[in-house]
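Q: Below is a structure I'd like to ask you about.
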Amino acid sequence: MWYYLVMMSKPRNSFDPKSFLAKIGDGRGVFKYRKDQIVFSQGDPADAVFYVQKGKVKLTVVSEQGKEAVIAILGTDEFFGEGCLAGQTQRIATVMAMTDTVIARLEKAAIIEVIQQEPAFSEKFIAHLLSRSVRVESDLVDQLFNSSEKRLARLLLLLAKFGKEGQPEPVIPKISQETLAEMIGTTRSRVSFFMNKFRKLGFIDYNGGIEVHSSLLNVVLHDQSQIKN
């Protein structure tokens with residue numbers, strides 16, 4: 001009985017998902033990418049999931065007609081490439097580093113194993129999937145009901161991580177107006193017009209990147225589209 005109580009009182013080894021993702025092991029590795037370096041290309045075999053430890057990446061797709069579009073920009077503590085877990089055999093997008101970036105790569109078998117064996121990791125991964133699903137749904141509503149000005153303001157706030165857990169990252173690494181225009185479905189000239197407007201109103205600054213102030217929330221919250229439940 002005494003032995004049983006002693007064993008029960010000993011703390012169990014806690015599993016830290018971030019520490020696990022930062023270490024090299026069976027079926028997983030950590031790699032450094034330079035700015036503009038390709039992580040994987042559209043059409044490549046889908047055989048692993050990736051996790052951004054540091055930096056930012058952008059996801060782009062190219063149509064059969066050769067038109068390219070940016071569909072997402074992901075940063076620290078975000079996964080990508082998870083389509084391989086749902087039966088995807090080829091990559092449907094190209095991923096490129098936007099800054100010097102550190103990325104963990106987990107082979108399909110390795111991530112399935114840790115999801116099955118470690119509740120802390122599966123909780124983190126499920127939270128990512130749910131967050132991504134909500135983001136996609138919100139993006140669709142944004143495209144359908146909001147003006148291009150509000151879409152741009154919302155995108156800048158998302159890139160600066162306002163509203164997410166932890167401290168926001170108010171300075172967004174240099175990103176072209178063409179990329180911003182592709183992501184919100186408008187022209188570069190419109191993005192230029194709104195960016196100048198935001199700067200004059202004190203909502204953003206240019207300081208080696210785009211510095212986003214919380215006051216930009218006023219653009220998103222003002223006169224919001226009414227959506228009936």
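Chain labels A, B, ... are given in the sequence in which chains occur in the structure tokens; within each chain residues are numbered consecutively from 1, and ligands are likewise numbered from 1 in the order shown.
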Extract the full set of helix (DSSP H, G or I) residues from chain A according to DSSP on the backbone, and format it as a PyMOL selection string.
A: chain A and resi 2-9+17-22+82-86+108-117+119-145+148-159+177-184+188-200+214-221
Q: Those residues you just picked out, can you put them in a file as a compact mmCIF listing (two decimals), in the first residue's frame with C-alpha atoms?
A:
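So the final result, stored in selection.txt, reads:
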```txt
# COMPACT_ATOMS: atom_id res chain seq x y z
CA TRP A 2 2.82 2.39 0.96
CA TYR A 3 4.64 1.61 -2.29
CA TYR A 4 1.44 2.25 -4.26
CA LEU A 5 0.93 5.65 -2.59
CA VAL A 6 4.53 6.68 -3.30
CA MET A 7 4.21 5.74 -6.95
CA MET A 8 0.93 7.61 -7.26
CA SER A 9 2.47 10.73 -5.73
CA PRO A 17 4.67 19.66 -27.87
CA LYS A 18 6.97 22.61 -28.62
CA SER A 19 10.01 20.80 -27.23
CA PHE A 20 9.07 17.70 -29.22
CA LEU A 21 8.77 19.75 -32.42
CA ALA A 22 12.12 21.42 -31.81
CA GLU A 82 -1.71 18.65 -43.06
CA GLY A 83 -3.65 17.64 -46.19
CA CYS A 84 -1.52 14.48 -46.37
CA LEU A 85 -3.38 13.20 -43.29
CA ALA A 86 -6.68 13.42 -45.17
CA LYS A 108 3.17 11.30 -42.06
CA ALA A 109 3.79 8.15 -39.99
CA ALA A 110 5.60 10.14 -37.28
CA ILE A 111 2.84 12.71 -36.78
CA ILE A 112 0.12 10.03 -36.79
CA GLU A 113 2.02 8.18 -34.06
CA VAL A 114 2.42 11.22 -31.80
CA ILE A 115 -1.22 12.24 -32.32
CA GLN A 116 -2.29 8.77 -31.19
CA GLN A 117 0.08 8.53 -28.22
CA PRO A 119 -2.94 13.85 -25.83
CA ALA A 120 -1.10 17.16 -25.36
CA PHE A 121 0.09 17.08 -28.95
CA SER A 122 -3.25 15.97 -30.37
CA GLU A 123 -4.93 18.81 -28.43
CA LYS A 124 -2.52 21.34 -29.94
CA PHE A 125 -2.98 19.94 -33.44
CA ILE A 126 -6.79 19.81 -33.20
CA ALA A 127 -6.78 23.41 -31.95
CA HIS A 128 -4.78 24.35 -35.06
CA LEU A 129 -7.23 22.57 -37.36
CA LEU A 130 -10.23 24.24 -35.72
CA SER A 131 -8.56 27.65 -35.89
CA ARG A 132 -7.78 27.12 -39.58
CA SER A 133 -11.40 26.06 -40.26
CA VAL A 134 -12.75 29.16 -38.52
CA ARG A 135 -10.29 31.33 -40.45
CA VAL A 136 -11.40 29.91 -43.81
CA GLU A 137 -15.06 30.45 -42.92
CA SER A 138 -14.35 34.01 -41.79
CA ASP A 139 -12.39 34.68 -44.99
CA LEU A 140 -15.39 33.58 -47.05
CA VAL A 141 -17.76 35.84 -45.11
CA ASP A 142 -15.24 38.65 -45.47
CA GLN A 143 -15.12 38.25 -49.25
CA LEU A 144 -18.92 38.07 -49.56
CA PHE A 145 -19.99 40.92 -47.29
CA SER A 148 -12.04 45.83 -49.91
CA GLU A 149 -11.00 48.46 -47.36
CA LYS A 150 -12.29 46.34 -44.46
CA ARG A 151 -10.80 43.19 -45.98
CA LEU A 152 -7.38 44.86 -46.10
CA ALA A 153 -7.68 46.13 -42.51
CA ARG A 154 -8.69 42.66 -41.28
CA LEU A 155 -5.82 41.00 -43.17
CA LEU A 156 -3.25 43.39 -41.69
CA LEU A 157 -4.61 42.75 -38.18
CA LEU A 158 -4.48 38.98 -38.75
CA LEU A 159 -0.91 39.15 -40.03
CA GLN A 177 1.03 45.43 -52.22
CA GLU A 178 0.53 42.94 -55.05
CA THR A 179 0.48 40.10 -52.50
CA LEU A 180 -1.99 41.97 -50.27
CA ALA A 181 -4.19 42.64 -53.31
CA GLU A 182 -4.18 38.94 -54.27
CA MET A 183 -5.19 37.92 -50.77
CA ILE A 184 -8.20 40.24 -50.52
CA ARG A 188 -2.80 46.86 -56.29
CA SER A 189 -3.89 50.46 -56.88
CA ARG A 190 -6.79 50.04 -54.43
CA VAL A 191 -4.46 48.55 -51.83
CA SER A 192 -2.06 51.49 -52.35
CA PHE A 193 -4.93 53.96 -51.87
CA PHE A 194 -6.10 52.33 -48.62
CA MET A 195 -2.58 51.89 -47.25
CA ASN A 196 -1.91 55.60 -47.74
CA LYS A 197 -5.24 56.38 -46.08
CA PHE A 198 -4.44 54.13 -43.10
CA ARG A 199 -1.01 55.76 -42.75
CA LYS A 200 -2.40 59.30 -42.80
CA SER A 214 -4.57 48.54 -32.65
CA SER A 215 -6.52 51.62 -33.80
CA LEU A 216 -6.86 49.88 -37.18
CA LEU A 217 -9.59 47.81 -35.50
CA ASN A 218 -11.85 50.85 -35.95
CA VAL A 219 -11.98 50.19 -39.69
CA VAL A 220 -13.16 46.61 -39.14
CA LEU A 221 -15.62 47.37 -36.34
```
Q: Write out as a PDB file with C-alpha atoms, in the first residue's frame the residues lying within 12 Å of A:Phe40, counting only C-alpha atoms and excluding same-chain residues fewer than 3 positions away.
A:
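So result-v8.pdb came out as:
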```
ATOM      1  CA  TYR A  33      15.095  28.186 -45.044  1.00  0.00           C
ATOM      2  CA  ASP A  36      12.260  33.196 -50.895  1.00  0.00           C
ATOM      3  CA  GLN A  37      13.376  29.565 -50.586  1.00  0.00           C
ATOM      4  CA  GLY A  43       2.361  18.928 -57.368  1.00  0.00           C
ATOM      5  CA  ASP A  44       5.065  17.538 -55.058  1.00  0.00           C
ATOM      6  CA  PRO A  45       4.276  14.326 -53.112  1.00  0.00           C
ATOM      7  CA  ALA A  46       2.296  15.057 -49.926  1.00  0.00           C
ATOM      8  CA  ASP A  47       4.093  12.929 -47.348  1.00  0.00           C
ATOM      9  CA  ALA A  48       4.732  15.176 -44.312  1.00  0.00           C
ATOM     10  CA  VAL A  49       3.343  17.912 -42.072  1.00  0.00           C
ATOM     11  CA  PHE A  50       5.344  21.045 -41.294  1.00  0.00           C
ATOM     12  CA  VAL A  57       5.762  31.425 -45.072  1.00  0.00           C
ATOM     13  CA  LYS A  58       3.258  32.089 -47.830  1.00  0.00           C
ATOM     14  CA  LEU A  59       1.070  29.581 -49.653  1.00  0.00           C
ATOM     15  CA  THR A  60       0.410  30.183 -53.338  1.00  0.00           C
ATOM     16  CA  VAL A  61      -1.498  28.306 -56.022  1.00  0.00           C
ATOM     17  CA  PHE A  80       0.885  23.468 -42.786  1.00  0.00           C
ATOM     18  CA  GLY A  81       0.832  20.540 -45.177  1.00  0.00           C
ATOM     19  CA  GLN A  90       0.069  15.720 -54.042  1.00  0.00           C
ATOM     20  CA  ARG A  91       0.588  19.243 -52.779  1.00  0.00           C
ATOM     21  CA  ILE A  92      -2.098  21.626 -53.994  1.00  0.00           C
ATOM     22  CA  ALA A  93      -0.048  24.727 -53.180  1.00  0.00           C
ATOM     23  CA  THR A  94       3.522  25.998 -53.159  1.00  0.00           C
ATOM     24  CA  VAL A  95       5.015  27.148 -49.853  1.00  0.00           C
ATOM     25  CA  MET A  96       7.815  29.741 -49.814  1.00  0.00           C
ATOM     26  CA  ALA A  97       9.682  31.321 -46.907  1.00  0.00           C
ATOM     27  CA  ARG A 105       9.163  18.501 -40.746  1.00  0.00           C
TER      28      ARG A 105
END
```
Q: Write out as a PyMOL selection string the residues lying within 6 Å of A:Ile210, counting only C-alpha atoms and excluding same-chain residues fewer than 4 positions away.
A: chain A and resi 171-172+205-206
Q: May I have the residues from that selection written out with N, CA and C atoms, as a PDB file, in the first residue's frame?
A:
```pdb
ATOM      1  N   VAL A 171       4.782  44.625 -36.136  1.00  0.00           N
ATOM      2  CA  VAL A 171       5.546  44.916 -37.349  1.00  0.00           C
ATOM      3  C   VAL A 171       5.536  43.700 -38.257  1.00  0.00           C
ATOM      4  N   ILE A 172       4.884  43.831 -39.404  1.00  0.00           N
ATOM      5  CA  ILE A 172       4.808  42.744 -40.378  1.00  0.00           C
ATOM      6  C   ILE A 172       6.011  42.857 -41.310  1.00  0.00           C
ATOM      7  N   ASP A 205       2.184  52.421 -39.871  1.00  0.00           N
ATOM      8  CA  ASP A 205       3.415  53.150 -40.210  1.00  0.00           C
ATOM      9  C   ASP A 205       4.290  52.218 -41.020  1.00  0.00           C
ATOM     10  N   TYR A 206       5.253  52.813 -41.727  1.00  0.00           N
ATOM     11  CA  TYR A 206       6.243  52.025 -42.435  1.00  0.00           C
ATOM     12  C   TYR A 206       7.565  52.173 -41.708  1.00  0.00           C
TER      13      TYR A 206
END
```
Q: With distances taken over only C-alpha atoms, which of A:Glu169, A:Ser41, A:Gln65, A:Val30 is nearest to A:Ile103?
A: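 Nearest to A:Ile103: A:Val30.
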Q: By how many Å are atom CA of A:Pro168 and atom CA of A:Arg34 apart?
A: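 Computing it gives 23.8 Å between the two atoms.
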Q: To one decimal place in Å, what is the distance between atom CA of A:Pro170 and atom CA of A:Gly209?
A: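 Atom CA of A:Gly209 lies 9.6 Å from atom CA of A:Pro170.
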